[in-house]
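Visitor: Mind having a look at this structure? Questions to follow.
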Amino acid sequence: MRVLIIEDEKKAAAYLQKGFTENGFTADTAASGDDGLHLARTENYDLIILDIMLPGRDGWEVLEELRKEGSEVPVIYLSARDAVHDRVRGLELGADDYLVKPFAFSELLARARTILRRGPARQPERLRADDLEMDLVGHKARREGRPIDLTAKEFILLSLLLRRKGEVLSRTLIAEQVWGINFDSDTNIVDVAIRRLRRKVDDPFERKLIHTVRGAGYVLEAK
């Protein structure tokens, strides 16, 4: 799941990015309304966290532009503006929720997950392939009932492979979805991450699930 955080306060943006990443999201940040609107237009996000008081276009204008263009990406306003008329305005512009600063990250995360579950394409809470199972809400992975200890990036990588099981995923796509970067052909970050993931998911077990497709990428499937 990819989230865009449009927040000009550096510490707040870093805090939000860290929180979402630790909970299985790929999180990008933008420090102005103009930059945020550009990313929202050119990248595919599952959720946008949007401040109101921003350099350039403010949060009202960003959401108004997105909705005029037909974007249905869920948006949560996160703002210090706590007046009732501000909250009403945000919802009338097409926001899915409005949370006032200061806030508890656990509440923001719960609201984000609720919005994503009720979206047009309901997101599953559990993923399974053969004897491998992931609990996306509980942030747990098991194989043959045995827990697998994964880092935050390994969790995102494995969930991507599971969501698209049976589909060969290129290194470019994996790098973009997991690390949020444009893939550099001289970088072996994907191959290294896959090797580490295999040590935990495949090596202790007889049946192998993560397979290399030479010249194409990687696929998760039971063979």
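Ordering of the structure tokens sets the chain letters (A, B, ...), residue numbers begin anew at 1 in every chain, and ligands are numbered from 1 in the order given.
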Need to verify the contact set: Asp28 of chain A, 10 Å, only C-alpha atoms, exclusion of same-chain residues closer than 4 positions in sequence. Can you return it as a ChimeraX atom specification?

Guide: /A:2-6,13-14,16-17,20-21,36,39,45,48,179-181

Visitor: How about saving the chosen residues, N, CA and C atoms kept, as an mmCIF file, in the first residue's frame?

Guide:
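Wrote it out as part.cif, contents follow:
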data_model
loop_
_atom_site.group_PDB
_atom_site.id
_atom_site.type_symbol
_atom_site.label_atom_id
_atom_site.label_comp_id
_atom_site.auth_asym_id
_atom_site.auth_seq_id
_atom_site.Cartn_x
_atom_site.Cartn_y
_atom_site.Cartn_z
ATOM 1 N N ARG A 2 0.555 2.211 -0.858
ATOM 2 C CA ARG A 2 1.358 3.425 -0.980
ATOM 3 C C ARG A 2 0.585 4.618 -0.436
ATOM 4 N N VAL A 3 1.259 5.381 0.435
ATOM 5 C CA VAL A 3 0.632 6.561 1.018
ATOM 6 C C VAL A 3 1.490 7.781 0.692
ATOM 7 N N LEU A 4 0.834 8.881 0.361
ATOM 8 C CA LEU A 4 1.505 10.161 0.113
ATOM 9 C C LEU A 4 1.200 11.093 1.276
ATOM 10 N N ILE A 5 2.242 11.627 1.900
ATOM 11 C CA ILE A 5 2.093 12.540 3.032
ATOM 12 C C ILE A 5 2.468 13.939 2.558
ATOM 13 N N ILE A 6 1.509 14.842 2.507
ATOM 14 C CA ILE A 6 1.759 16.223 2.080
ATOM 15 C C ILE A 6 1.759 17.086 3.338
ATOM 16 N N ALA A 13 6.424 15.324 9.100
ATOM 17 C CA ALA A 13 6.454 14.464 7.913
ATOM 18 C C ALA A 13 7.302 13.220 8.155
ATOM 19 N N ALA A 14 8.455 13.395 8.807
ATOM 20 C CA ALA A 14 9.333 12.256 9.092
ATOM 21 C C ALA A 14 8.663 11.284 10.067
ATOM 22 N N LEU A 16 5.411 10.794 10.478
ATOM 23 C CA LEU A 16 4.349 10.092 9.761
ATOM 24 C C LEU A 16 4.928 9.050 8.811
ATOM 25 N N GLN A 17 5.980 9.413 8.099
ATOM 26 C CA GLN A 17 6.601 8.465 7.161
ATOM 27 C C GLN A 17 7.118 7.238 7.914
ATOM 28 N N PHE A 20 4.057 5.020 9.146
ATOM 29 C CA PHE A 20 3.407 4.231 8.090
ATOM 30 C C PHE A 20 4.334 3.130 7.570
ATOM 31 N N THR A 21 5.616 3.447 7.426
ATOM 32 C CA THR A 21 6.562 2.439 6.937
ATOM 33 C C THR A 21 6.647 1.267 7.897
ATOM 34 N N GLY A 36 3.042 18.130 -3.801
ATOM 35 C CA GLY A 36 2.118 17.061 -3.454
ATOM 36 C C GLY A 36 1.127 16.786 -4.569
ATOM 37 N N LEU A 39 2.870 14.869 -7.402
ATOM 38 C CA LEU A 39 3.032 13.447 -7.096
ATOM 39 C C LEU A 39 1.704 12.707 -7.178
ATOM 40 N N TYR A 45 -1.282 6.227 -5.704
ATOM 41 C CA TYR A 45 -1.314 6.100 -4.247
ATOM 42 C C TYR A 45 -2.645 5.503 -3.792
ATOM 43 N N ILE A 48 -3.868 9.471 0.702
ATOM 44 C CA ILE A 48 -3.132 10.722 0.863
ATOM 45 C C ILE A 48 -3.432 11.307 2.242
ATOM 46 N N TRP A 179 10.486 0.452 -2.269
ATOM 47 C CA TRP A 179 11.384 1.515 -1.836
ATOM 48 C C TRP A 179 10.972 2.890 -2.331
ATOM 49 N N GLY A 180 10.012 2.934 -3.244
ATOM 50 C CA GLY A 180 9.559 4.218 -3.764
ATOM 51 C C GLY A 180 10.624 4.936 -4.568
ATOM 52 N N ILE A 181 11.475 4.160 -5.281
ATOM 53 C CA ILE A 181 12.561 4.777 -6.042
ATOM 54 C C ILE A 181 12.456 4.380 -7.504
#

Visitor: I'd like the contact shell of Gly70 of chain A - 12 Å cut-off, only C-alpha atoms, skipping same-chain residues fewer than 4 positions apart - returned as a list in words.

Guide: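 After dropping sequence-adjacent residues, the list is Arg41, Leu63, Glu64, Glu65, Leu66 and Gly94 of chain A.
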
Visitor: Just write the chosen residues, N, CA and C atoms, as a PDB file, in the first residue's frame.

Guide:
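Saved as selection-v8.pdb:
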ATOM      1  N   ARG A  41      -0.770  13.358  -8.986  1.00  0.00           N
ATOM      2  CA  ARG A  41      -1.184  13.241 -10.391  1.00  0.00           C
ATOM      3  C   ARG A  41      -0.367  12.203 -11.154  1.00  0.00           C
ATOM      4  N   LEU A  63      -6.912  19.289  -2.789  1.00  0.00           N
ATOM      5  CA  LEU A  63      -8.007  18.329  -2.862  1.00  0.00           C
ATOM      6  C   LEU A  63      -9.034  18.735  -3.911  1.00  0.00           C
ATOM      7  N   GLU A  64      -9.307  20.019  -3.989  1.00  0.00           N
ATOM      8  CA  GLU A  64     -10.280  20.494  -4.987  1.00  0.00           C
ATOM      9  C   GLU A  64      -9.824  20.145  -6.398  1.00  0.00           C
ATOM     10  N   GLU A  65      -8.525  20.351  -6.677  1.00  0.00           N
ATOM     11  CA  GLU A  65      -7.987  20.020  -7.995  1.00  0.00           C
ATOM     12  C   GLU A  65      -8.099  18.525  -8.278  1.00  0.00           C
ATOM     13  N   LEU A  66      -7.736  17.698  -7.292  1.00  0.00           N
ATOM     14  CA  LEU A  66      -7.791  16.250  -7.495  1.00  0.00           C
ATOM     15  C   LEU A  66      -9.207  15.779  -7.788  1.00  0.00           C
ATOM     16  N   GLY A  94     -14.581  16.709  -0.382  1.00  0.00           N
ATOM     17  CA  GLY A  94     -14.368  15.326  -0.814  1.00  0.00           C
ATOM     18  C   GLY A  94     -13.372  14.547   0.006  1.00  0.00           C
TER      19      GLY A  94
END

Visitor: Let's see if you can do this: from backbone DSSP, list all alpha helix (DSSP H) residues in segment 122-212 of chain A, as an MDAnalysis selection string.

Guide: chainID A and resid 152:163 171:174 189:201

Visitor: From a DSSP pass on the backbone, collect the residues of segment 1-219 of chain A flagged as strand (DSSP E or B) and hand them back as a short mmCIF file (atom, residue, chain, number, x, y, z; two decimals) with all heavy atoms, in the first residue's frame.

Guide:
data_model
loop_
_atom_site.label_atom_id
_atom_site.label_comp_id
_atom_site.auth_asym_id
_atom_site.auth_seq_id
_atom_site.Cartn_x
_atom_site.Cartn_y
_atom_site.Cartn_z
N ARG A 2 0.56 2.21 -0.86
CA ARG A 2 1.36 3.42 -0.98
C ARG A 2 0.59 4.62 -0.44
O ARG A 2 -0.58 4.84 -0.79
CB ARG A 2 1.73 3.69 -2.44
CG ARG A 2 2.58 2.61 -3.08
CD ARG A 2 3.07 3.05 -4.44
NE ARG A 2 4.07 4.11 -4.34
CZ ARG A 2 4.48 4.86 -5.37
NH1 ARG A 2 3.92 4.70 -6.55
NH2 ARG A 2 5.40 5.78 -5.20
N VAL A 3 1.26 5.38 0.43
CA VAL A 3 0.63 6.56 1.02
C VAL A 3 1.49 7.78 0.69
O VAL A 3 2.72 7.71 0.71
CB VAL A 3 0.45 6.40 2.55
CG1 VAL A 3 1.77 6.15 3.24
CG2 VAL A 3 -0.24 7.63 3.15
N LEU A 4 0.83 8.88 0.36
CA LEU A 4 1.50 10.16 0.11
C LEU A 4 1.20 11.09 1.28
O LEU A 4 0.02 11.32 1.60
CB LEU A 4 1.03 10.77 -1.20
CG LEU A 4 1.51 12.20 -1.50
CD1 LEU A 4 3.03 12.25 -1.61
CD2 LEU A 4 0.86 12.73 -2.78
N ILE A 5 2.24 11.63 1.90
CA ILE A 5 2.09 12.54 3.03
C ILE A 5 2.47 13.94 2.56
O ILE A 5 3.63 14.19 2.21
CB ILE A 5 3.01 12.11 4.20
CG1 ILE A 5 2.64 10.69 4.66
CG2 ILE A 5 2.92 13.11 5.35
CD1 ILE A 5 3.75 10.00 5.41
N ILE A 6 1.51 14.84 2.51
CA ILE A 6 1.76 16.22 2.08
C ILE A 6 1.76 17.09 3.34
O ILE A 6 0.71 17.43 3.88
CB ILE A 6 0.70 16.70 1.06
CG1 ILE A 6 0.58 15.70 -0.10
CG2 ILE A 6 1.07 18.08 0.54
CD1 ILE A 6 -0.49 16.05 -1.12
N THR A 26 4.36 1.83 1.94
CA THR A 26 5.42 2.60 1.32
C THR A 26 4.97 4.05 1.35
O THR A 26 3.89 4.37 0.85
CB THR A 26 5.64 2.16 -0.14
OG1 THR A 26 6.07 0.80 -0.16
CG2 THR A 26 6.71 3.02 -0.80
N ALA A 27 5.76 4.92 1.99
CA ALA A 27 5.32 6.29 2.24
C ALA A 27 6.24 7.29 1.56
O ALA A 27 7.45 7.28 1.75
CB ALA A 27 5.28 6.56 3.74
N ASP A 28 5.65 8.18 0.75
CA ASP A 28 6.37 9.29 0.14
C ASP A 28 5.93 10.58 0.81
O ASP A 28 4.81 10.67 1.35
CB ASP A 28 6.06 9.39 -1.36
CG ASP A 28 6.54 8.18 -2.13
OD1 ASP A 28 7.49 7.51 -1.68
OD2 ASP A 28 5.94 7.88 -3.19
N THR A 29 6.79 11.61 0.78
CA THR A 29 6.43 12.89 1.38
C THR A 29 6.60 14.01 0.36
O THR A 29 7.40 13.93 -0.57
CB THR A 29 7.30 13.20 2.61
OG1 THR A 29 8.68 13.30 2.22
CG2 THR A 29 7.16 12.11 3.67
N ALA A 30 5.81 15.07 0.57
CA ALA A 30 5.94 16.30 -0.22
C ALA A 30 5.79 17.46 0.74
O ALA A 30 4.94 17.42 1.64
CB ALA A 30 4.87 16.36 -1.31
N LEU A 47 -3.64 6.14 -0.62
CA LEU A 47 -4.12 7.07 0.41
C LEU A 47 -3.24 8.31 0.41
O LEU A 47 -2.04 8.24 0.17
CB LEU A 47 -4.04 6.38 1.79
CG LEU A 47 -4.44 7.20 3.01
CD1 LEU A 47 -5.95 7.47 2.99
CD2 LEU A 47 -4.04 6.49 4.29
N ILE A 48 -3.87 9.47 0.70
CA ILE A 48 -3.13 10.72 0.86
C ILE A 48 -3.43 11.31 2.24
O ILE A 48 -4.60 11.42 2.63
CB ILE A 48 -3.50 11.75 -0.23
CG1 ILE A 48 -3.05 11.25 -1.61
CG2 ILE A 48 -2.86 13.10 0.06
CD1 ILE A 48 -3.47 12.14 -2.76
N ILE A 49 -2.38 11.66 2.97
CA ILE A 49 -2.51 12.40 4.22
C ILE A 49 -2.17 13.85 3.88
O ILE A 49 -1.06 14.14 3.41
CB ILE A 49 -1.54 11.87 5.30
CG1 ILE A 49 -1.73 10.36 5.49
CG2 ILE A 49 -1.75 12.62 6.61
CD1 ILE A 49 -3.10 9.95 5.98
N LEU A 50 -3.10 14.76 4.13
CA LEU A 50 -2.98 16.12 3.59
C LEU A 50 -3.13 17.18 4.68
O LEU A 50 -4.16 17.24 5.36
CB LEU A 50 -4.06 16.31 2.51
CG LEU A 50 -4.16 17.67 1.82
CD1 LEU A 50 -2.86 18.01 1.11
CD2 LEU A 50 -5.33 17.65 0.82
N VAL A 75 -8.51 10.55 0.93
CA VAL A 75 -7.73 11.64 1.51
C VAL A 75 -8.16 11.85 2.96
O VAL A 75 -9.35 11.92 3.26
CB VAL A 75 -7.93 12.95 0.72
CG1 VAL A 75 -7.28 14.13 1.44
CG2 VAL A 75 -7.35 12.82 -0.69
N ILE A 76 -7.17 11.94 3.84
CA ILE A 76 -7.42 12.30 5.23
C ILE A 76 -6.74 13.64 5.49
O ILE A 76 -5.52 13.77 5.32
CB ILE A 76 -6.86 11.25 6.21
CG1 ILE A 76 -7.52 9.89 6.00
CG2 ILE A 76 -7.05 11.71 7.66
CD1 ILE A 76 -6.98 8.79 6.91
N TYR A 77 -7.53 14.64 5.88
CA TYR A 77 -6.94 15.90 6.30
C TYR A 77 -6.35 15.73 7.69
O TYR A 77 -6.98 15.15 8.58
CB TYR A 77 -7.99 17.01 6.34
CG TYR A 77 -8.17 17.74 5.03
CD1 TYR A 77 -9.41 17.78 4.41
CD2 TYR A 77 -7.12 18.42 4.44
CE1 TYR A 77 -9.59 18.46 3.21
CE2 TYR A 77 -7.29 19.10 3.24
CZ TYR A 77 -8.53 19.12 2.63
OH TYR A 77 -8.68 19.79 1.45
N LEU A 78 -5.13 16.26 7.88
CA LEU A 78 -4.47 16.24 9.18
C LEU A 78 -4.01 17.67 9.44
O LEU A 78 -3.03 18.13 8.85
CB LEU A 78 -3.29 15.27 9.14
CG LEU A 78 -2.59 14.96 10.46
CD1 LEU A 78 -3.56 14.33 11.45
CD2 LEU A 78 -1.41 14.03 10.23
N SER A 79 -4.74 18.39 10.30
CA SER A 79 -4.52 19.82 10.41
C SER A 79 -4.71 20.31 11.84
O SER A 79 -5.46 19.72 12.63
CB SER A 79 -5.50 20.56 9.49
OG SER A 79 -5.41 21.96 9.67
N ASP A 97 -11.85 11.82 5.64
CA ASP A 97 -11.79 11.97 7.09
C ASP A 97 -11.02 13.24 7.39
O ASP A 97 -10.33 13.81 6.53
CB ASP A 97 -11.10 10.75 7.73
CG ASP A 97 -11.53 10.54 9.18
OD1 ASP A 97 -12.10 11.47 9.78
OD2 ASP A 97 -11.29 9.44 9.71
N TYR A 98 -11.12 13.70 8.65
CA TYR A 98 -10.47 14.93 9.08
C TYR A 98 -10.02 14.71 10.51
O TYR A 98 -10.84 14.46 11.39
CB TYR A 98 -11.45 16.10 8.99
CG TYR A 98 -10.85 17.49 9.16
CD1 TYR A 98 -10.85 18.39 8.10
CD2 TYR A 98 -10.32 17.91 10.38
CE1 TYR A 98 -10.33 19.67 8.24
CE2 TYR A 98 -9.79 19.18 10.54
CZ TYR A 98 -9.80 20.06 9.46
OH TYR A 98 -9.28 21.33 9.59
N LEU A 99 -8.71 14.77 10.75
CA LEU A 99 -8.16 14.53 12.08
C LEU A 99 -7.40 15.78 12.51
O LEU A 99 -6.62 16.34 11.74
CB LEU A 99 -7.23 13.32 12.06
CG LEU A 99 -6.72 12.79 13.39
CD1 LEU A 99 -7.88 12.38 14.30
CD2 LEU A 99 -5.80 11.59 13.17
N VAL A 100 -7.63 16.22 13.75
CA VAL A 100 -7.05 17.46 14.26
C VAL A 100 -5.74 17.18 14.98
O VAL A 100 -5.63 16.23 15.76
CB VAL A 100 -8.05 18.17 15.21
CG1 VAL A 100 -7.41 19.42 15.82
CG2 VAL A 100 -9.31 18.56 14.45
N ARG A 126 -5.83 -10.53 5.35
CA ARG A 126 -4.91 -11.68 5.38
C ARG A 126 -4.60 -12.11 3.95
O ARG A 126 -5.46 -12.07 3.09
CB ARG A 126 -5.52 -12.84 6.16
CG ARG A 126 -5.66 -12.58 7.66
CD ARG A 126 -6.25 -13.77 8.39
NE ARG A 126 -6.39 -13.51 9.79
CZ ARG A 126 -5.46 -13.73 10.72
NH1 ARG A 126 -4.31 -14.27 10.34
NH2 ARG A 126 -5.66 -13.45 11.98
N LEU A 127 -3.36 -12.53 3.76
CA LEU A 127 -2.93 -13.05 2.47
C LEU A 127 -2.38 -14.46 2.69
O LEU A 127 -1.74 -14.72 3.72
CB LEU A 127 -1.84 -12.16 1.87
CG LEU A 127 -2.22 -10.69 1.60
CD1 LEU A 127 -0.98 -9.90 1.20
CD2 LEU A 127 -3.28 -10.58 0.52
N ARG A 128 -2.60 -15.34 1.71
CA ARG A 128 -2.16 -16.72 1.89
C ARG A 128 -1.70 -17.31 0.56
O ARG A 128 -2.26 -17.03 -0.50
CB ARG A 128 -3.30 -17.57 2.45
CG ARG A 128 -2.93 -19.03 2.67
CD ARG A 128 -4.16 -19.83 3.10
NE ARG A 128 -4.59 -19.47 4.42
CZ ARG A 128 -4.07 -19.99 5.55
NH1 ARG A 128 -3.10 -20.88 5.48
NH2 ARG A 128 -4.51 -19.61 6.72
N ALA A 129 -0.67 -18.14 0.63
CA ALA A 129 -0.22 -18.95 -0.49
C ALA A 129 0.37 -20.21 0.09
O ALA A 129 1.31 -20.16 0.88
CB ALA A 129 0.82 -18.21 -1.33
N LEU A 132 1.96 -20.47 3.64
CA LEU A 132 2.42 -19.15 4.06
C LEU A 132 1.21 -18.24 4.26
O LEU A 132 0.34 -18.15 3.40
CB LEU A 132 3.35 -18.56 3.01
CG LEU A 132 3.78 -17.10 3.20
CD1 LEU A 132 4.63 -16.94 4.44
CD2 LEU A 132 4.54 -16.61 1.96
N GLU A 133 1.18 -17.53 5.39
CA GLU A 133 0.06 -16.63 5.67
C GLU A 133 0.59 -15.34 6.27
O GLU A 133 1.51 -15.34 7.09
CB GLU A 133 -0.93 -17.27 6.65
CG GLU A 133 -2.13 -16.40 6.94
CD GLU A 133 -3.13 -17.06 7.89
OE1 GLU A 133 -2.76 -18.08 8.49
OE2 GLU A 133 -4.25 -16.54 8.02
N MET A 134 -0.02 -14.22 5.83
CA MET A 134 0.33 -12.91 6.38
C MET A 134 -0.92 -12.25 6.96
O MET A 134 -1.96 -12.21 6.31
CB MET A 134 0.93 -12.00 5.31
CG MET A 134 2.27 -12.46 4.77
SD MET A 134 3.02 -11.22 3.67
CE MET A 134 3.59 -10.01 4.88
N ASP A 135 -0.78 -11.72 8.16
CA ASP A 135 -1.82 -10.93 8.81
C ASP A 135 -1.39 -9.47 8.65
O ASP A 135 -0.48 -9.01 9.33
CB ASP A 135 -1.93 -11.34 10.28
CG ASP A 135 -2.93 -10.48 11.05
OD1 ASP A 135 -3.46 -9.51 10.49
OD2 ASP A 135 -3.17 -10.79 12.23
N LYS A 140 1.99 -9.66 11.03
CA LYS A 140 2.62 -10.94 11.34
C LYS A 140 2.66 -11.82 10.10
O LYS A 140 1.80 -11.73 9.23
CB LYS A 140 1.84 -11.67 12.44
CG LYS A 140 1.80 -10.93 13.77
CD LYS A 140 0.91 -11.66 14.76
CE LYS A 140 0.82 -10.90 16.08
NZ LYS A 140 -0.11 -11.58 17.03
N ALA A 141 3.67 -12.68 10.03
CA ALA A 141 3.78 -13.66 8.95
C ALA A 141 4.10 -15.02 9.57
O ALA A 141 4.88 -15.12 10.52
CB ALA A 141 4.87 -13.25 7.97
N ARG A 142 3.49 -16.06 9.00
CA ARG A 142 3.72 -17.42 9.49
C ARG A 142 3.83 -18.38 8.31
O ARG A 142 3.21 -18.17 7.28
CB ARG A 142 2.58 -17.89 10.41
CG ARG A 142 2.48 -17.12 11.71
CD ARG A 142 1.30 -17.63 12.56
NE ARG A 142 1.22 -16.94 13.82
CZ ARG A 142 1.88 -17.30 14.92
NH1 ARG A 142 2.65 -18.38 14.88
NH2 ARG A 142 1.77 -16.62 16.04
N ARG A 143 4.62 -19.43 8.51
CA ARG A 143 4.65 -20.53 7.56
C ARG A 143 4.64 -21.83 8.33
O ARG A 143 5.43 -22.00 9.27
CB ARG A 143 5.89 -20.44 6.66
CG ARG A 143 5.82 -21.47 5.54
CD ARG A 143 6.69 -21.19 4.37
NE ARG A 143 6.46 -22.23 3.38
CZ ARG A 143 7.26 -22.53 2.38
NH1 ARG A 143 8.37 -21.84 2.20
NH2 ARG A 143 6.97 -23.51 1.54
N ARG A 146 4.55 -21.45 11.92
CA ARG A 146 5.72 -20.92 12.62
C ARG A 146 5.92 -19.45 12.27
O ARG A 146 5.90 -19.07 11.09
CB ARG A 146 6.97 -21.72 12.24
CG ARG A 146 6.95 -23.15 12.72
CD ARG A 146 7.88 -24.05 11.92
NE ARG A 146 9.25 -23.54 11.85
CZ ARG A 146 10.21 -24.13 11.14
NH1 ARG A 146 9.94 -25.24 10.44
NH2 ARG A 146 11.43 -23.62 11.13
N PRO A 147 6.10 -18.59 13.27
CA PRO A 147 6.27 -17.15 12.99
C PRO A 147 7.55 -16.86 12.24
O PRO A 147 8.58 -17.52 12.45
CB PRO A 147 6.29 -16.52 14.39
CG PRO A 147 6.66 -17.62 15.32
CD PRO A 147 6.13 -18.88 14.71
N LEU A 169 7.02 -10.34 -11.25
CA LEU A 169 7.21 -8.92 -10.97
C LEU A 169 8.65 -8.52 -11.32
O LEU A 169 9.60 -9.15 -10.87
CB LEU A 169 6.95 -8.63 -9.49
CG LEU A 169 5.57 -9.05 -8.95
CD1 LEU A 169 5.44 -8.67 -7.49
CD2 LEU A 169 4.45 -8.44 -9.77
N ILE A 210 9.34 -18.63 -3.46
CA ILE A 210 9.84 -17.47 -4.19
C ILE A 210 10.80 -17.94 -5.29
O ILE A 210 11.82 -18.57 -4.99
CB ILE A 210 10.55 -16.49 -3.24
CG1 ILE A 210 9.60 -16.03 -2.13
CG2 ILE A 210 11.08 -15.28 -4.02
CD1 ILE A 210 10.27 -15.21 -1.04
N HIS A 211 10.45 -17.65 -6.52
CA HIS A 211 11.21 -18.18 -7.66
C HIS A 211 11.74 -17.04 -8.53
O HIS A 211 11.08 -16.01 -8.70
CB HIS A 211 10.33 -19.10 -8.51
CG HIS A 211 9.69 -20.20 -7.71
ND1 HIS A 211 10.36 -21.35 -7.35
CD2 HIS A 211 8.44 -20.29 -7.19
CE1 HIS A 211 9.54 -22.12 -6.65
NE2 HIS A 211 8.38 -21.50 -6.53
N THR A 212 12.92 -17.26 -9.10
CA THR A 212 13.52 -16.32 -10.05
C THR A 212 13.11 -16.69 -11.47
O THR A 212 13.19 -17.86 -11.85
CB THR A 212 15.05 -16.34 -9.94
OG1 THR A 212 15.44 -16.05 -8.59
CG2 THR A 212 15.68 -15.33 -10.89
N VAL A 213 12.68 -15.71 -12.22
CA VAL A 213 12.40 -15.91 -13.64
C VAL A 213 13.48 -15.15 -14.39
O VAL A 213 13.49 -13.92 -14.41
CB VAL A 213 11.00 -15.39 -14.03
CG1 VAL A 213 10.75 -15.61 -15.52
CG2 VAL A 213 9.93 -16.08 -13.20
N GLY A 217 12.31 -11.29 -13.57
CA GLY A 217 12.07 -10.82 -12.22
C GLY A 217 11.80 -11.97 -11.27
O GLY A 217 12.42 -13.03 -11.36
N TYR A 218 10.83 -11.79 -10.38
CA TYR A 218 10.54 -12.77 -9.35
C TYR A 218 9.04 -13.04 -9.28
O TYR A 218 8.21 -12.18 -9.60
CB TYR A 218 11.02 -12.29 -7.99
CG TYR A 218 12.52 -12.10 -7.92
CD1 TYR A 218 13.09 -10.83 -8.08
CD2 TYR A 218 13.37 -13.18 -7.71
CE1 TYR A 218 14.47 -10.66 -8.04
CE2 TYR A 218 14.75 -13.02 -7.66
CZ TYR A 218 15.28 -11.76 -7.82
OH TYR A 218 16.64 -11.59 -7.77
N VAL A 219 8.72 -14.26 -8.84
CA VAL A 219 7.31 -14.64 -8.70
C VAL A 219 7.16 -15.51 -7.46
O VAL A 219 8.05 -16.29 -7.12
CB VAL A 219 6.83 -15.41 -9.95
CG1 VAL A 219 7.64 -16.69 -10.16
CG2 VAL A 219 5.33 -15.74 -9.85
#

Visitor: Pick the closest to Phe205 of chain A from A:Leu160, A:Ala12, A:Glu144, A:Glu154: which is it, counting only C-alpha atoms?

Guide: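 Closest to Phe205 of chain A of all the choices is A:Glu144.
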
Visitor: Could you jot down the atom CA of Leu108 of chain A to atom CA of Ile148 of chain A separation for me, Å, one decimal place?

Guide: 26.9 Å

Visitor: Which residue out of A:Arg81, A:Lys208, A:Arg199, A:Arg214 has the minimum interatomic distance to Val168 of chain A when only C-alpha atoms are used?

Guide: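 Closest to Val168 of chain A, using only C-alpha atoms: A:Arg214.
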
Visitor: List as a PyMOL selection string the protein and nucleic acid residues near segment 149-151 of chain A, meaning an atom at most 10 Å away when only C-alpha atoms are counted, but skip any in the same chain fewer than 5 places from it.

Guide: chain A and resi 22+24+139-142+156-158+196-197+200-201

Visitor: Nearest to Ala80 of chain A: which of A:Arg198, A:Lys101, A:Arg117, A:Arg67 is it, counting only C-alpha atoms?

Guide: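 For Ala80 of chain A, the nearest of the candidates is A:Lys101.
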
Visitor: Any idea what the distance is between atom CA of Ala95 of chain A and atom CA of His38 of chain A?

Guide: 18.2 Å

Visitor: Rank nothing, just name the residue among A:Ala104, A:Ile52, A:Leu109, A:Val190 nearest to Arg89 of chain A, using only C-alpha atoms.

Guide: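 Ranked by minimum distance to Arg89 of chain A, first place goes to A:Ile52.
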
Visitor: For atom CA of Ala110 of chain A and atom CA of Asp130 of chain A, determine how far apart the two atoms are, in Å to one decimal place.

Guide: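 Computed distance, atom CA of Ala110 of chain A to atom CA of Asp130 of chain A, equals 29.2 Å.
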